[in-house]
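Undergrad: Can you read through this structure? Questions will come right after.
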Amino acid sequence: MVWGLVEDKQNREEFDTGLAKIRHEIKSRLVPHGFFGSVTFVDLELGDHVPTGSKIVVTVKGRTVERSFSRQDIEGCRLRVGGVVLLGIISMIDELSA
């Protein structure tokens, strides 16, 4: 059972690292627009002690946008944000700046 706990911790670490990279990417894309806001995450249902995904909520100057991403998409951002997540971030920033 100890092996299962180590594996769960590693999976959660990859997920959390992906979320941290995503938060940094969002904040770095808000700054050129003169935006400063909050970035929050809401875990979607748990599967094997790790969320199946996360809803990312960005609030700037009273406006809020959100996108949901799968666990696989988020873990794929643990080294660098790209793919569908990056496209979602760009879309959220566009919505906020419109």
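Order determines the names: the first chain of the structure tokens is A, the second B, and so forth; residues in each chain are numbered 1 upward, and ligands are numbered 1 upward as they are shown.
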Name all residues at most 10 Å from Gly53 in chain A (count only C-alpha atoms; drop same-chain ones fewer than 6 positions away) and give them as a list in words.
TA: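 Surrounding residues, per the criterion: Phe15, Phe41, Val42, Asp43, Leu44, Glu45, Leu46, Gly47, Ser68, Phe69, Ser70, Arg71, Gln72, Asp73, Ile74 and Glu75 of chain A.
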Undergrad: Can you spit out the residues from that selection as a short mmCIF file (atom, residue, chain, number, x, y, z; two decimals), in the first residue's frame, using N, CA, C and O atoms?
TA:
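Saved the output as again26.cif:
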data_model
loop_
_atom_site.label_atom_id
_atom_site.label_comp_id
_atom_site.auth_asym_id
_atom_site.auth_seq_id
_atom_site.Cartn_x
_atom_site.Cartn_y
_atom_site.Cartn_z
N PHE A 15 0.38 17.15 -11.26
CA PHE A 15 -0.83 17.95 -11.47
C PHE A 15 -0.62 19.36 -10.90
O PHE A 15 -0.87 20.36 -11.58
N PHE A 41 -8.17 28.00 -9.01
CA PHE A 41 -8.41 26.68 -9.58
C PHE A 41 -9.46 25.97 -8.74
O PHE A 41 -9.42 26.04 -7.52
N VAL A 42 -10.36 25.28 -9.41
CA VAL A 42 -11.35 24.45 -8.73
C VAL A 42 -11.18 23.03 -9.26
O VAL A 42 -11.40 22.78 -10.45
N ASP A 43 -10.75 22.13 -8.39
CA ASP A 43 -10.56 20.74 -8.80
C ASP A 43 -11.88 20.12 -9.22
O ASP A 43 -12.90 20.32 -8.57
N LEU A 44 -11.83 19.38 -10.32
CA LEU A 44 -12.98 18.59 -10.73
C LEU A 44 -12.91 17.26 -10.01
O LEU A 44 -11.90 16.95 -9.38
N GLU A 45 -13.93 16.46 -10.06
CA GLU A 45 -14.03 15.25 -9.24
C GLU A 45 -12.74 14.46 -9.13
O GLU A 45 -11.91 14.46 -10.03
N LEU A 46 -12.56 13.83 -7.97
CA LEU A 46 -11.35 13.07 -7.70
C LEU A 46 -11.42 11.69 -8.32
O LEU A 46 -12.45 11.02 -8.27
N GLY A 47 -10.31 11.27 -8.88
CA GLY A 47 -10.14 9.91 -9.39
C GLY A 47 -8.77 9.44 -8.96
O GLY A 47 -7.77 10.05 -9.32
N SER A 68 -12.18 24.87 -18.37
CA SER A 68 -11.88 23.61 -17.70
C SER A 68 -10.91 22.82 -18.57
O SER A 68 -11.02 22.81 -19.80
N PHE A 69 -9.96 22.17 -17.90
CA PHE A 69 -8.98 21.36 -18.60
C PHE A 69 -8.88 20.00 -17.92
O PHE A 69 -9.06 19.89 -16.71
N SER A 70 -8.55 18.98 -18.68
CA SER A 70 -8.43 17.63 -18.15
C SER A 70 -7.13 17.48 -17.37
O SER A 70 -6.18 18.26 -17.53
N ARG A 71 -7.09 16.47 -16.55
CA ARG A 71 -5.89 16.15 -15.78
C ARG A 71 -4.69 15.94 -16.71
O ARG A 71 -3.60 16.44 -16.45
N GLN A 72 -4.92 15.22 -17.80
CA GLN A 72 -3.83 14.95 -18.74
C GLN A 72 -3.30 16.24 -19.36
O GLN A 72 -2.08 16.41 -19.51
N ASP A 73 -4.19 17.16 -19.71
CA ASP A 73 -3.76 18.44 -20.29
C ASP A 73 -2.94 19.24 -19.28
O ASP A 73 -1.91 19.83 -19.62
N ILE A 74 -3.39 19.25 -18.03
CA ILE A 74 -2.70 20.00 -16.98
C ILE A 74 -1.35 19.38 -16.67
O ILE A 74 -0.34 20.08 -16.58
N GLU A 75 -1.30 18.06 -16.52
CA GLU A 75 -0.02 17.40 -16.25
C GLU A 75 0.95 17.59 -17.40
O GLU A 75 2.16 17.64 -17.21
#
Undergrad: Determine, counting only C-alpha atoms, which protein, DNA and RNA residues have an atom within 12 Å of an atom of Val85 in chain A; residues of the same chain fewer than 3 positions away are not included. Present the result as a PyMOL selection string.
TA: chain A and resi 18-19+21-23+25-26+53-56+66-78+80-82+88-92
Undergrad: By how many Å are CA of Arg12 in chain A and CA of Leu87 in chain A apart?
TA: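 Here the two named atoms are 23.7 Å from each other.
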Undergrad: Would you please extract all strand (DSSP E or B) residues from chain A, as assigned by DSSP on the backbone, and give them as an MDAnalysis selection string?
TA: chainID A and resid 38:43 46:47 50:51 53:60 63:70
Undergrad: Would you mind exporting the chosen residues as a short mmCIF file (atom, residue, chain, number, x, y, z; two decimals), in the first residue's frame, restricted to N, CA and C atoms?
TA:
data_model
loop_
_atom_site.label_atom_id
_atom_site.label_comp_id
_atom_site.auth_asym_id
_atom_site.auth_seq_id
_atom_site.Cartn_x
_atom_site.Cartn_y
_atom_site.Cartn_z
N SER A 38 -6.94 37.91 -10.14
CA SER A 38 -6.76 36.65 -9.42
C SER A 38 -6.94 35.47 -10.36
N VAL A 39 -6.17 34.45 -10.08
CA VAL A 39 -6.26 33.20 -10.83
C VAL A 39 -6.53 32.11 -9.80
N THR A 40 -7.67 31.45 -9.92
CA THR A 40 -8.01 30.38 -8.98
C THR A 40 -8.30 29.10 -9.73
N PHE A 41 -8.17 28.00 -9.01
CA PHE A 41 -8.41 26.68 -9.58
C PHE A 41 -9.46 25.97 -8.74
N VAL A 42 -10.36 25.28 -9.41
CA VAL A 42 -11.35 24.45 -8.73
C VAL A 42 -11.18 23.03 -9.26
N ASP A 43 -10.75 22.13 -8.39
CA ASP A 43 -10.56 20.74 -8.80
C ASP A 43 -11.88 20.12 -9.22
N LEU A 46 -12.56 13.83 -7.97
CA LEU A 46 -11.35 13.07 -7.70
C LEU A 46 -11.42 11.69 -8.32
N GLY A 47 -10.31 11.27 -8.88
CA GLY A 47 -10.14 9.91 -9.39
C GLY A 47 -8.77 9.44 -8.96
N VAL A 50 -6.41 12.01 -7.22
CA VAL A 50 -5.98 13.13 -8.04
C VAL A 50 -7.20 13.62 -8.81
N PRO A 51 -7.42 14.93 -8.88
CA PRO A 51 -8.57 15.43 -9.63
C PRO A 51 -8.55 14.97 -11.09
N GLY A 53 -9.47 16.81 -13.40
CA GLY A 53 -9.20 18.04 -14.14
C GLY A 53 -9.36 19.22 -13.21
N SER A 54 -9.37 20.41 -13.80
CA SER A 54 -9.52 21.61 -13.00
C SER A 54 -10.19 22.70 -13.83
N LYS A 55 -11.00 23.48 -13.13
CA LYS A 55 -11.60 24.67 -13.75
C LYS A 55 -10.73 25.84 -13.32
N ILE A 56 -10.24 26.59 -14.28
CA ILE A 56 -9.39 27.74 -14.02
C ILE A 56 -10.23 29.00 -14.18
N VAL A 57 -10.24 29.82 -13.15
CA VAL A 57 -11.05 31.03 -13.12
C VAL A 57 -10.13 32.23 -13.01
N VAL A 58 -10.27 33.17 -13.94
CA VAL A 58 -9.47 34.39 -13.93
C VAL A 58 -10.42 35.57 -13.75
N THR A 59 -10.14 36.40 -12.75
CA THR A 59 -10.97 37.58 -12.48
C THR A 59 -10.10 38.82 -12.56
N VAL A 60 -10.52 39.77 -13.39
CA VAL A 60 -9.81 41.02 -13.59
C VAL A 60 -10.84 42.14 -13.68
N ARG A 63 -14.48 41.39 -14.07
CA ARG A 63 -14.84 40.45 -15.15
C ARG A 63 -14.22 39.10 -14.86
N THR A 64 -14.97 38.06 -15.14
CA THR A 64 -14.50 36.70 -14.86
C THR A 64 -14.63 35.83 -16.10
N VAL A 65 -13.58 35.06 -16.36
CA VAL A 65 -13.62 34.06 -17.42
C VAL A 65 -13.13 32.75 -16.82
N GLU A 66 -13.58 31.66 -17.39
CA GLU A 66 -13.15 30.35 -16.87
C GLU A 66 -13.08 29.33 -17.99
N ARG A 67 -12.20 28.37 -17.80
CA ARG A 67 -12.05 27.24 -18.72
C ARG A 67 -11.75 26.01 -17.88
N SER A 68 -12.18 24.87 -18.37
CA SER A 68 -11.88 23.61 -17.70
C SER A 68 -10.91 22.82 -18.57
N PHE A 69 -9.96 22.17 -17.90
CA PHE A 69 -8.98 21.36 -18.60
C PHE A 69 -8.88 20.00 -17.92
N SER A 70 -8.55 18.98 -18.68
CA SER A 70 -8.43 17.63 -18.15
C SER A 70 -7.13 17.48 -17.37
#
